[in-house]
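In what follows, a single structure is set out as structure tokens and then discussed.
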Amino acid sequence: MSYYNVLTVCPYCGSGCTFYLQVLQGEIIGILPNKNHEISQGNLCIKGWFANEFVTHKDRLKKPLIKKDGNFVEASWDEALQLVAKKLKVYKPEEVGTLSSAKVSNEENYLMQKFTRTVLKTNNVDHCARLCHASTVVGLGKSFGSGAMTNSIPEMENTKCMFVIGSNTTEQHPMVAKFMMKAKEKGAKLILADPRKVVWSKFADIHLQQRPGTDVALLNGMMNVILEEGLEDKKFIEERTEDFESLKEVVKKYNPEYVEKITGIDKQLIVEAARMYAKSEASAIFYSMGITQHTTGVDNVVSCANLAMLTGNVGKVGTGVNALRGQVNVQGACDCGALPNVFSGYQVVTDEANRKKFEQAWHVDSLPDKVGLTVTELIGEAAKGNIKALYIMGENPMVSDPDLKHVKEGLSNLEFLVVQDIFLTETAQLADVVLPAASFAEKDGTYTTTDRRVQLARKAVDPPGEAKADWEIISELAKRMGSNEFNYSSPSDIMDEISRYTPIYGGISYERLKEKGLHWPCHSKDHPGTPILHKEKFSRGKGKFWAIEFKEPAELPDSEYPFILTTGRVIFHYHTGTMTRKVEILNSEVPTGFVEINPKDAKKMALFDNSTVVVSTRRGSIQIPVKITERVKEGVAFIPFHFAECAANELTNPVLDPVAKIPEFKVCACKIERAS
Amino acid sequence: MLNKIRDYCRDLLESKKVEGILAVYTENGNYFPYFFTKKEELNNLCIDKKYLLLNSVKPLRENLVFLLQSKMPGKRIGILARGCDERALFELSKRGQVNLDNIETIGYSCNEEQAKICTCPTPYPTVNLKFGEKVEGVSEHKRWKEFSQLDIEGKRKFWEKEFSKCIKCFGCRNACPICFCKECLMEDRKFVKGGELPVEIPSFHFVQRYHHAAQCISCGECEIACPMDIPLRLISFVLLNRVKKLYDYTPGMNPKQECPIYTIKEERNEEALDELL
Amino acid sequence: MSKSEFEPRIVALLCNWCTYTGADLAGTARMKYPPNVRTLRVMCSGRVDPAFVIFALQNGADGVMIGGCHIGDCHYAKGNYSSRRRAVILKDTLESLGIDPRRFRLEWISASEGDKFAEVIKKFTKELKELGPNPLNKGAQDA
């Protein structure tokens, strides 16, 4: 008889809670929150409490599947891998691409990019960070020199003022919200900028309900007030930053009256918010998809950074620009180089010295020097026929990407599609070969939280059927394609390789992670980790101000499409629902999608709660039940994107931010009609 | 005390008096409940860190001890029990959730510090205390002073604010050893609307508080599990005191004493209660 | 809304064997009592889950009454004993939650006591008028 508990990392959001999987006689029976953890403190959100349910779900993939005459047939690993190896070898490097995943471990992301770069010989590797925080990686990189959350989560308990913009923190990062609530109880101020009246608004000292997509104007307006009233931190600007004059010039015209016209926020509120933020001892900005998922995503992020630098709120406890990242390992996937332009540790591929280093490390003659294609571009090129084969690991673009009709076109146009996942997702159904992977509970690995904390997750049980861990599958495939560089006996080996060639992970090893997580940068074996970035100096030397002008979103409402459609998440579900929709209690909370509209709009159209409507945009239309609520303003509609049967992304606009290539999920024009 | 307990457990295992012992295991600074079956493992046994051993496993909604018992029927299980573990054991056995006959309870007392963390009124097993001394418990909730001064309307506003913080994680229910109902009213869609935040006030929280009026074993797990620090046990303290006064009953003190709210044994003369209605 | 205009809404959960018949008697005997009460028949006062009371209060009721047989007369022998023990605790729970316990009542009314039923409703209505609208009821709540 055996009963024990295995400490692992929650597979959902990036807050980084850890919990124990209770194992009785080799079977996972339940979950215990970890009481000995800085973030969890014995707490979990509803998703975490039931995270074991999908692991043991009957629909888990147990054997490799090969599509023959339009139907999936079970196959042996040998047959499936042989087929994949044979097929992938046929294409030229520029004709193939891979999608790595923010749901798998650092080691597996590292292997995926290594596989793509050394075996497929292309830089066409990307993952879903493109759809959530690509703007952060670019924007904060431009301003500070490091595209990650600047501070750590637990210290937020001691902040004095929180400016939350474009983040529904209580629902999306419940355990971050916990610390913010603790700060609030201690007397900190809360400024909330969100077009919707979310749970937070009840606790906010100031709630700014801006028109979606006008964040730059709002932030410039606040900076205008700060400069006008002389509230800026002159010493900080003088000593730590550059290009302040250019910012000053541009911000001049964003006086509160002007900003009120653009954003629809009462000018008095803007003034008050600016004062509140600037006058507090320690102010922290929190943002998330509401800032990044715009055609002006990078501009938004940079403006947040400007505001923080202007008031000297960087590099101290309880301050900073805190990008709350969505997925369990989206930070780690970026760190480990699953991006088309960088190797692990953000070492750019166009730099010859970097290439040399990795050529020697991986024993290859040459590495591709051209920046690869992003998620959104890969699918566009597939539709055009330029990309012929894709290898997707643990992603579901058929629900998560904008304009699904177009995505389906792209994926169907491929000559060969391999999907590696734990369930037969909407994307996997289009695949030629499906490889069954192990879930978080069935493998060792490290995951990096939103506050750069690298944590160890441990294997609790064996994978179901013949399913294998992702790192085993990639290694096996690489070997079959002729590489000798994938001989690993465990994920710990892979981590040793990562730390050898990735300076920011330099001091990280499984041995050190056994006790607790480490914040990168952690350069050497005795380095204690870095919870707060940019303390004495910025990663790039001096912080740089960028003067940003406000630009309208790509698609604005007009007479034909009069509503602004914005998308988001709910606390009870997670992303494309692959995992959460297998959990009974979560399904009973929210069984399907809905569109939130204001009672006044509902009255005009004579709609009742739960009546079905057709929401359409220039790209597509869906049938969906209505939820009438004050949470949204008049003229705004909100749809959560988790639900494949009424997928918000049938509607969203695939226009991209010019630099970060992130799509504009948060704003597009739509119309709403009663279903006939 | 730790060494004495380890020796005692070693004897139990060696003499095969028990199949194994449920206790807390520590390793690399982390700790978790564990079923000790080998005596070598006892070096990792720890008593200064608390995990409730009688936890109700979600989503199965069965008690851990019940699951262990059902996997090895007829075998004897040892439990290294704190006061709260013992009380949970008694309450569960009254409701047919565990079988006391096959359980060897090794009781030990908590120190004052632990009692404070859990706001525990009786930080020791009342029946099976084997190790340690009884220490004074905490009889008042840490926010009682603030709360008790409020009038009716003040209390309503207090709860409206506190319950608005709730993110519906079900932590208070999931962590509760006494919550084992297969069908839970907190999930009943007729009673509490699904998918809405903030939750319905006060029905969502009322359910558990009321149902545990004469069952709550004061382990404090619900408040520890609450990410938003909602002082749920303020209500429990009031109700437990009331139950004690009216029916002379404290949950978990005596495995033979029936719960006065759910079991009416004889038609006692209780006219005095009418006065309170 | 001033208190004089306020008409409280009462939900009465009545036992099939006694109080419901008592209410029926009050009706057939044309006794006068305020029209503020909505009756619901349950098989026994012991069947009423306290959750029903909260549910009613949260969804528009200003007061809730449970009616059962006199102690000793329960058709299920002990139903009203449980009901009474629970009701006492429920009152305390309501008070702790900030709901005036006077909004909830448990009354023993037999099948022949039509007059008592009318009397109780009169008294309850008057008391609720003094208490004013139930603050849990979102519609009545002032901002």
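Starting from 1 in every chain, residues are counted up; chains themselves are A, B, ... following the order of the structure tokens, and ligands are numbered from 1 as listed.
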With only C-alpha atoms as the counted atoms, please give the residues lying no more than 6 Å from segment 96-106 of chain B, apart from itself and same-chain residues fewer than 5 positions off, as a PyMOL selection string. chain B and resi 66+76-81
What are the DSSP alpha helix (DSSP H) residues of segment 203-289 of chain A, as number ranges by chain? A: 215-228, 234-240, 244-251, 256-263, 267-279, 289
Just list the residues in segment 411-510 of chain A DSSP gives strand (DSSP E or B) on the backbone, as a list of chain:residue names. A:Phe416, A:Leu417, A:Val418, A:Val419, A:Gln420, A:Asp421, A:Val433, A:Val434, A:Leu435, A:Pro436, A:Ala437, A:Gly445, A:Thr446, A:Tyr447, A:Thr448, A:Arg453, A:Val454, A:Gln455, A:Leu456, A:Ala457, A:Lys468
Go ahead and write the selection's residues with all heavy atoms as a short mmCIF file (atom, residue, chain, number, x, y, z; two decimals), in the first residue's frame.
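Output saved as part.cif:
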```cif
data_model
loop_
_atom_site.label_atom_id
_atom_site.label_comp_id
_atom_site.auth_asym_id
_atom_site.auth_seq_id
_atom_site.Cartn_x
_atom_site.Cartn_y
_atom_site.Cartn_z
N PHE A 416 1.75 18.36 -45.05
CA PHE A 416 1.98 17.44 -43.94
C PHE A 416 1.90 18.18 -42.61
O PHE A 416 2.57 19.19 -42.41
CB PHE A 416 3.36 16.79 -44.11
CG PHE A 416 3.60 15.65 -43.16
CD1 PHE A 416 2.79 14.52 -43.19
CD2 PHE A 416 4.62 15.71 -42.23
CE1 PHE A 416 3.02 13.48 -42.31
CE2 PHE A 416 4.84 14.67 -41.34
CZ PHE A 416 4.04 13.55 -41.39
N LEU A 417 1.05 17.69 -41.72
CA LEU A 417 0.89 18.34 -40.42
C LEU A 417 1.02 17.30 -39.30
O LEU A 417 0.34 16.28 -39.31
CB LEU A 417 -0.49 19.01 -40.34
CG LEU A 417 -0.91 19.62 -38.99
CD1 LEU A 417 0.01 20.76 -38.59
CD2 LEU A 417 -2.34 20.12 -39.04
N VAL A 418 1.93 17.54 -38.40
CA VAL A 418 2.09 16.66 -37.24
C VAL A 418 1.63 17.44 -36.00
O VAL A 418 2.03 18.58 -35.81
CB VAL A 418 3.57 16.28 -37.01
CG1 VAL A 418 3.68 15.22 -35.93
CG2 VAL A 418 4.19 15.82 -38.30
N VAL A 419 0.79 16.83 -35.19
CA VAL A 419 0.37 17.47 -33.95
C VAL A 419 0.69 16.55 -32.79
O VAL A 419 0.39 15.35 -32.83
CB VAL A 419 -1.13 17.83 -33.97
CG1 VAL A 419 -1.55 18.38 -32.61
CG2 VAL A 419 -1.43 18.86 -35.05
N GLN A 420 1.30 17.13 -31.78
CA GLN A 420 1.69 16.35 -30.60
C GLN A 420 0.95 16.96 -29.42
O GLN A 420 1.13 18.13 -29.10
CB GLN A 420 3.20 16.52 -30.46
CG GLN A 420 3.85 15.82 -29.33
CD GLN A 420 5.37 15.98 -29.47
OE1 GLN A 420 5.93 15.87 -30.56
NE2 GLN A 420 6.03 16.26 -28.38
N ASP A 421 0.02 16.20 -28.83
CA ASP A 421 -0.81 16.81 -27.79
C ASP A 421 -1.33 15.74 -26.84
O ASP A 421 -1.10 14.55 -27.06
CB ASP A 421 -1.98 17.58 -28.43
CG ASP A 421 -2.36 18.80 -27.60
OD1 ASP A 421 -2.45 18.67 -26.37
OD2 ASP A 421 -2.57 19.87 -28.19
N VAL A 433 -0.50 13.15 -38.79
CA VAL A 433 -0.02 12.26 -37.73
C VAL A 433 -0.25 12.94 -36.38
O VAL A 433 0.04 14.13 -36.22
CB VAL A 433 1.48 11.94 -37.90
CG1 VAL A 433 1.96 11.03 -36.78
CG2 VAL A 433 1.75 11.31 -39.25
N VAL A 434 -0.80 12.19 -35.43
CA VAL A 434 -0.98 12.73 -34.09
C VAL A 434 -0.14 11.92 -33.11
O VAL A 434 -0.23 10.69 -33.09
CB VAL A 434 -2.47 12.68 -33.66
CG1 VAL A 434 -2.63 13.23 -32.25
CG2 VAL A 434 -3.34 13.46 -34.63
N LEU A 435 0.70 12.59 -32.35
CA LEU A 435 1.56 11.90 -31.40
C LEU A 435 1.06 12.15 -29.97
O LEU A 435 0.86 13.29 -29.59
CB LEU A 435 3.01 12.40 -31.55
CG LEU A 435 3.60 12.27 -32.96
CD1 LEU A 435 4.97 12.94 -33.02
CD2 LEU A 435 3.71 10.81 -33.37
N PRO A 436 0.83 11.08 -29.19
CA PRO A 436 0.29 11.26 -27.83
C PRO A 436 1.37 11.67 -26.84
O PRO A 436 2.40 11.02 -26.73
CB PRO A 436 -0.24 9.86 -27.50
CG PRO A 436 0.61 8.94 -28.28
CD PRO A 436 1.06 9.66 -29.52
N ALA A 437 1.14 12.76 -26.14
CA ALA A 437 2.16 13.29 -25.24
C ALA A 437 1.75 13.08 -23.79
O ALA A 437 0.60 12.77 -23.49
CB ALA A 437 2.37 14.77 -25.51
N GLY A 445 10.30 18.28 -15.18
CA GLY A 445 10.59 19.43 -16.02
C GLY A 445 10.58 20.69 -15.20
O GLY A 445 10.13 20.70 -14.05
N THR A 446 11.11 21.78 -15.77
CA THR A 446 11.06 23.05 -15.07
C THR A 446 10.15 24.01 -15.83
O THR A 446 10.04 23.94 -17.05
CB THR A 446 12.45 23.70 -14.94
OG1 THR A 446 12.94 23.94 -16.25
CG2 THR A 446 13.40 22.81 -14.19
N TYR A 447 9.49 24.86 -15.07
CA TYR A 447 8.60 25.85 -15.65
C TYR A 447 8.98 27.21 -15.09
O TYR A 447 9.35 27.32 -13.92
CB TYR A 447 7.15 25.53 -15.30
CG TYR A 447 6.66 24.22 -15.88
CD1 TYR A 447 6.89 23.01 -15.23
CD2 TYR A 447 6.01 24.19 -17.11
CE1 TYR A 447 6.48 21.81 -15.77
CE2 TYR A 447 5.58 22.99 -17.67
CZ TYR A 447 5.82 21.81 -16.99
OH TYR A 447 5.40 20.62 -17.54
N THR A 448 8.86 28.25 -15.89
CA THR A 448 9.23 29.59 -15.44
C THR A 448 7.97 30.44 -15.32
O THR A 448 7.21 30.58 -16.29
CB THR A 448 10.22 30.23 -16.41
OG1 THR A 448 11.29 29.32 -16.63
CG2 THR A 448 10.75 31.52 -15.86
N ARG A 453 10.52 33.10 -12.10
CA ARG A 453 10.91 32.11 -11.11
C ARG A 453 10.92 30.74 -11.78
O ARG A 453 9.88 30.28 -12.26
CB ARG A 453 9.89 32.13 -9.99
CG ARG A 453 10.20 31.31 -8.78
CD ARG A 453 8.96 31.19 -7.92
NE ARG A 453 8.40 32.49 -7.61
CZ ARG A 453 8.44 33.06 -6.40
NH1 ARG A 453 8.96 32.43 -5.41
NH2 ARG A 453 7.91 34.24 -6.19
N VAL A 454 12.08 30.11 -11.82
CA VAL A 454 12.17 28.79 -12.43
C VAL A 454 11.84 27.76 -11.36
O VAL A 454 12.44 27.76 -10.29
CB VAL A 454 13.57 28.53 -13.01
CG1 VAL A 454 13.61 27.20 -13.75
CG2 VAL A 454 13.97 29.66 -13.94
N GLN A 455 10.84 26.90 -11.62
CA GLN A 455 10.41 25.94 -10.61
C GLN A 455 10.40 24.53 -11.18
O GLN A 455 10.17 24.33 -12.37
CB GLN A 455 8.99 26.29 -10.14
CG GLN A 455 8.90 27.67 -9.56
CD GLN A 455 7.56 27.90 -8.88
OE1 GLN A 455 7.51 28.09 -7.68
NE2 GLN A 455 6.48 27.90 -9.63
N LEU A 456 10.60 23.59 -10.29
CA LEU A 456 10.69 22.19 -10.70
C LEU A 456 9.35 21.48 -10.52
O LEU A 456 8.73 21.57 -9.47
CB LEU A 456 11.76 21.50 -9.85
CG LEU A 456 12.11 20.06 -10.17
CD1 LEU A 456 12.59 19.94 -11.61
CD2 LEU A 456 13.19 19.57 -9.23
N ALA A 457 8.91 20.82 -11.60
CA ALA A 457 7.72 19.97 -11.50
C ALA A 457 8.17 18.53 -11.60
O ALA A 457 9.10 18.21 -12.33
CB ALA A 457 6.76 20.29 -12.63
N LYS A 468 4.10 9.43 -24.49
CA LYS A 468 5.47 9.69 -24.06
C LYS A 468 5.63 11.16 -23.76
O LYS A 468 4.91 11.99 -24.30
CB LYS A 468 6.45 9.32 -25.17
CG LYS A 468 6.70 7.86 -25.35
CD LYS A 468 7.79 7.68 -26.38
CE LYS A 468 7.98 6.19 -26.68
NZ LYS A 468 9.08 5.96 -27.58
#
```
Using only C-alpha atoms, what table do you get, as a Markdown table, when you list each residue of chain C with an atom no more than 8 Å from chain B, its nearest pair of atoms, and their distance in Å rounded to one decimal, rows by chain then rising number?
```
| residue | atom | partner | partner_atom | distance |
| --- | --- | --- | --- | --- |
| C:Pro50 | CA | B:Tyr210 | CA | 8.0 |
| C:Ala51 | CA | B:Val207 | CA | 6.6 |
| C:Ile54 | CA | B:Ser203 | CA | 6.3 |
| C:Phe55 | CA | B:Ser203 | CA | 6.8 |
| C:Gln58 | CA | B:Ser203 | CA | 7.7 |
| C:Lys78 | CA | B:Ile264 | CA | 7.2 |
| C:Tyr81 | CA | B:Ile264 | CA | 7.2 |
| C:Ser82 | CA | B:Ile261 | CA | 6.4 |
| C:Arg84 | CA | B:Leu273 | CA | 7.4 |
| C:Arg85 | CA | B:Ile261 | CA | 6.0 |
| C:Arg86 | CA | B:Ile261 | CA | 6.1 |
| C:Ala87 | CA | B:Leu277 | CA | 7.2 |
| C:Val88 | CA | B:Leu277 | CA | 6.2 |
| C:Ile89 | CA | B:Leu239 | CA | 6.9 |
| C:Leu90 | CA | B:Tyr210 | CA | 7.3 |
| C:Lys91 | CA | B:Leu277 | CA | 7.7 |
| C:Asp92 | CA | B:Leu239 | CA | 6.9 |
| C:Thr93 | CA | B:Tyr210 | CA | 6.8 |
| C:Glu95 | CA | B:Ile152 | CA | 6.8 |
| C:Ser96 | CA | B:Ile235 | CA | 6.0 |
| C:Leu97 | CA | B:Arg156 | CA | 5.9 |
| C:Gly98 | CA | B:Arg156 | CA | 3.9 |
| C:Ile99 | CA | B:Ile152 | CA | 6.5 |
| C:Asp100 | CA | B:Ile152 | CA | 6.5 |
| C:Arg105 | CA | B:Leu277 | CA | 6.5 |
| C:Leu106 | CA | B:Leu277 | CA | 6.4 |
```
Near Cys132 of chain A, within 12 Å and counting only C-alpha atoms, which residues show up once chain neighbours fewer than 2 positions away are dropped, as a PyMOL selection string? chain A and resi 102+127-130+134-137+287-294+297-298+323-327+330-331+334+375+400-402+568+575+657+660-666
Using only C-alpha atoms, find each residue in segment 51-140 of chain C having at least one atom no more than 10 Å away from segment 19-40 of chain C; report its shortest atom-to-atom pair and that distance in Å (one decimal), rows by chain then rising number, as JSON lines.
```
{"residue": "C:Ala61", "atom": "CA", "partner": "C:Arg38", "partner_atom": "CA", "distance": 9.6}
{"residue": "C:Asp62", "atom": "CA", "partner": "C:Asn36", "partner_atom": "CA", "distance": 10.0}
{"residue": "C:Gly63", "atom": "CA", "partner": "C:Val37", "partner_atom": "CA", "distance": 9.2}
{"residue": "C:Val64", "atom": "CA", "partner": "C:Val37", "partner_atom": "CA", "distance": 9.2}
{"residue": "C:Met65", "atom": "CA", "partner": "C:Thr39", "partner_atom": "CA", "distance": 9.2}
{"residue": "C:Ile66", "atom": "CA", "partner": "C:Thr19", "partner_atom": "CA", "distance": 9.1}
{"residue": "C:Gly67", "atom": "CA", "partner": "C:Thr19", "partner_atom": "CA", "distance": 5.5}
{"residue": "C:Gly68", "atom": "CA", "partner": "C:Thr19", "partner_atom": "CA", "distance": 5.7}
{"residue": "C:Cys69", "atom": "CA", "partner": "C:Thr19", "partner_atom": "CA", "distance": 6.6}
{"residue": "C:His70", "atom": "CA", "partner": "C:Thr19", "partner_atom": "CA", "distance": 9.4}
{"residue": "C:Glu107", "atom": "CA", "partner": "C:Thr19", "partner_atom": "CA", "distance": 8.7}
{"residue": "C:Trp108", "atom": "CA", "partner": "C:Thr19", "partner_atom": "CA", "distance": 7.4}
{"residue": "C:Ile109", "atom": "CA", "partner": "C:Thr19", "partner_atom": "CA", "distance": 5.1}
{"residue": "C:Ser110", "atom": "CA", "partner": "C:Thr19", "partner_atom": "CA", "distance": 5.5}
{"residue": "C:Ala111", "atom": "CA", "partner": "C:Gly22", "partner_atom": "CA", "distance": 4.1}
{"residue": "C:Ser112", "atom": "CA", "partner": "C:Gly22", "partner_atom": "CA", "distance": 5.6}
{"residue": "C:Glu113", "atom": "CA", "partner": "C:Gly22", "partner_atom": "CA", "distance": 5.4}
{"residue": "C:Gly114", "atom": "CA", "partner": "C:Ala26", "partner_atom": "CA", "distance": 4.2}
{"residue": "C:Asp115", "atom": "CA", "partner": "C:Ala26", "partner_atom": "CA", "distance": 6.2}
{"residue": "C:Lys116", "atom": "CA", "partner": "C:Gly22", "partner_atom": "CA", "distance": 8.3}
{"residue": "C:Phe117", "atom": "CA", "partner": "C:Ala23", "partner_atom": "CA", "distance": 6.0}
{"residue": "C:Ala118", "atom": "CA", "partner": "C:Tyr33", "partner_atom": "CA", "distance": 5.1}
{"residue": "C:Glu119", "atom": "CA", "partner": "C:Tyr33", "partner_atom": "CA", "distance": 7.3}
{"residue": "C:Val120", "atom": "CA", "partner": "C:Tyr33", "partner_atom": "CA", "distance": 9.0}
{"residue": "C:Ile121", "atom": "CA", "partner": "C:Tyr33", "partner_atom": "CA", "distance": 6.6}
{"residue": "C:Lys122", "atom": "CA", "partner": "C:Tyr33", "partner_atom": "CA", "distance": 5.9}
{"residue": "C:Lys123", "atom": "CA", "partner": "C:Pro34", "partner_atom": "CA", "distance": 9.6}
{"residue": "C:Phe124", "atom": "CA", "partner": "C:Pro34", "partner_atom": "CA", "distance": 9.7}
{"residue": "C:Thr125", "atom": "CA", "partner": "C:Asn36", "partner_atom": "CA", "distance": 7.2}
{"residue": "C:Lys126", "atom": "CA", "partner": "C:Pro34", "partner_atom": "CA", "distance": 9.4}
```
Within 9 Å of chain A, which residues of chain B show up when using only C-alpha atoms, listed as a ChimeraX atom specification? /B:19-20,22,25,27-37,50-51,55,57-60,67-68,71-72,161,164-165,167-171,174-175,187,189,193-198,224-229
Between C:Val11, C:Leu94, C:Leu57, C:Cys74, smallest distance to Pro135 of chain C by only C-alpha atoms belongs to C:Leu57
